[in-house]
Amino acid sequence: MNTPAPNWTTHASAVARSRNERWNAPGADRVVHPSRGTIVVPCGSPYAALLCAAEVWGCDWLDIRDAKVWRAEPGDQVATRPYII
């Protein structure tokens with residue numbers, strides 16, 4: 001049985017779409033990590049908040065899985081989306 005080759009263009013567009021949806025979420029969460037500090041990021045879920053925080057901090061989300069995620073206070077400044085090449 002022949003398996004079709006993976007379509008990397010489709011995968012890349014799915015990853016980009018996922019990232020766009022995560023950064024354009026209407027809510028905001030505060031992610032608090034013992035060694036990296038605190039950041040406010042957009043969120044659709046606590047997992048999405050961890051992904052956004054890891055992206056800003058330049059690490060893998062597994063490195064910050066011990067972080068606490070809390071609802072941000074009204075008026076908190078949300079971090080800007082990092083530019084990734």
# chains A, B, ... in the order shown; residues from 1 in each chain; ligands from 1
>>> select_by_dssp(residues="segment 27-70 of chain A", states="alpha helix (DSSP H)", output="VMD selection string")
chain A and resid 46 to 57
>>> closest_residue(among="A:Glu21, A:Glu55, A:Asp60, A:Asp66", to="His33 of chain A", atoms="only C-alpha atoms")
A:Asp66
>>> residues_around(residues="Val41 of chain A", least_positions_apart="5", cutoff="9 Å", atoms="only C-alpha atoms", output="list in words")
Trp23, Gly27, Ala28, Asp29, Arg30, Val31, Ala49, Leu50, Cys52, Ala53, Ala72, Gln77, Val78, Ala79, Thr80 and Arg81 of chain A
>>> atom_distance(atom1="atom CA of Gly44 of chain A", atom2="atom CA of Ile84 of chain A")
20.8 Å
>>> select_by_dssp(residues="chain A", states="strand (DSSP E)", output="PyMOL selection string")
chain A and resi 27-33+37-43+68-71
>>> write_last_selection(atoms="C-alpha atoms", output="mmCIF file, in the first residue's frame")
data_model
loop_
_atom_site.group_PDB
_atom_site.id
_atom_site.type_symbol
_atom_site.label_atom_id
_atom_site.label_comp_id
_atom_site.auth_asym_id
_atom_site.auth_seq_id
_atom_site.Cartn_x
_atom_site.Cartn_y
_atom_site.Cartn_z
ATOM 1 C CA GLY A 27 -9.753 36.916 26.316
ATOM 2 C CA ALA A 28 -6.577 37.624 28.255
ATOM 3 C CA ASP A 29 -4.786 35.517 30.854
ATOM 4 C CA ARG A 30 -1.878 36.173 33.186
ATOM 5 C CA VAL A 31 0.792 33.464 33.030
ATOM 6 C CA VAL A 32 3.002 33.341 36.132
ATOM 7 C CA HIS A 33 6.193 31.272 36.098
ATOM 8 C CA GLY A 37 8.127 36.033 35.650
ATOM 9 C CA THR A 38 4.645 37.179 34.667
ATOM 10 C CA ILE A 39 3.155 37.982 31.284
ATOM 11 C CA VAL A 40 -0.342 38.767 30.044
ATOM 12 C CA VAL A 41 -1.259 37.053 26.779
ATOM 13 C CA PRO A 42 -4.415 36.522 24.732
ATOM 14 C CA CYS A 43 -6.159 33.272 25.500
ATOM 15 C CA LYS A 68 0.062 29.143 36.793
ATOM 16 C CA VAL A 69 -2.557 30.631 34.474
ATOM 17 C CA TRP A 70 -4.965 33.213 35.857
ATOM 18 C CA ARG A 71 -7.596 35.463 34.323
#
>>> closest_residue(among="A:Asp63, A:Asn20, A:Asp76, A:Ala14", to="Pro34 of chain A", atoms="only C-alpha atoms")
A:Asp63
>>> atom_distance(atom1="atom CA of Arg22 of chain A", atom2="atom CA of Val56 of chain A")
12.9 Å
>>> atom_distance(atom1="atom CA of Cys59 of chain A", atom2="atom CA of Gly75 of chain A")
26.7 Å
>>> closest_residue(among="A:Tyr83, A:Ser18, A:Thr9, A:Arg65", to="Pro46 of chain A", atoms="only C-alpha atoms")
A:Arg65
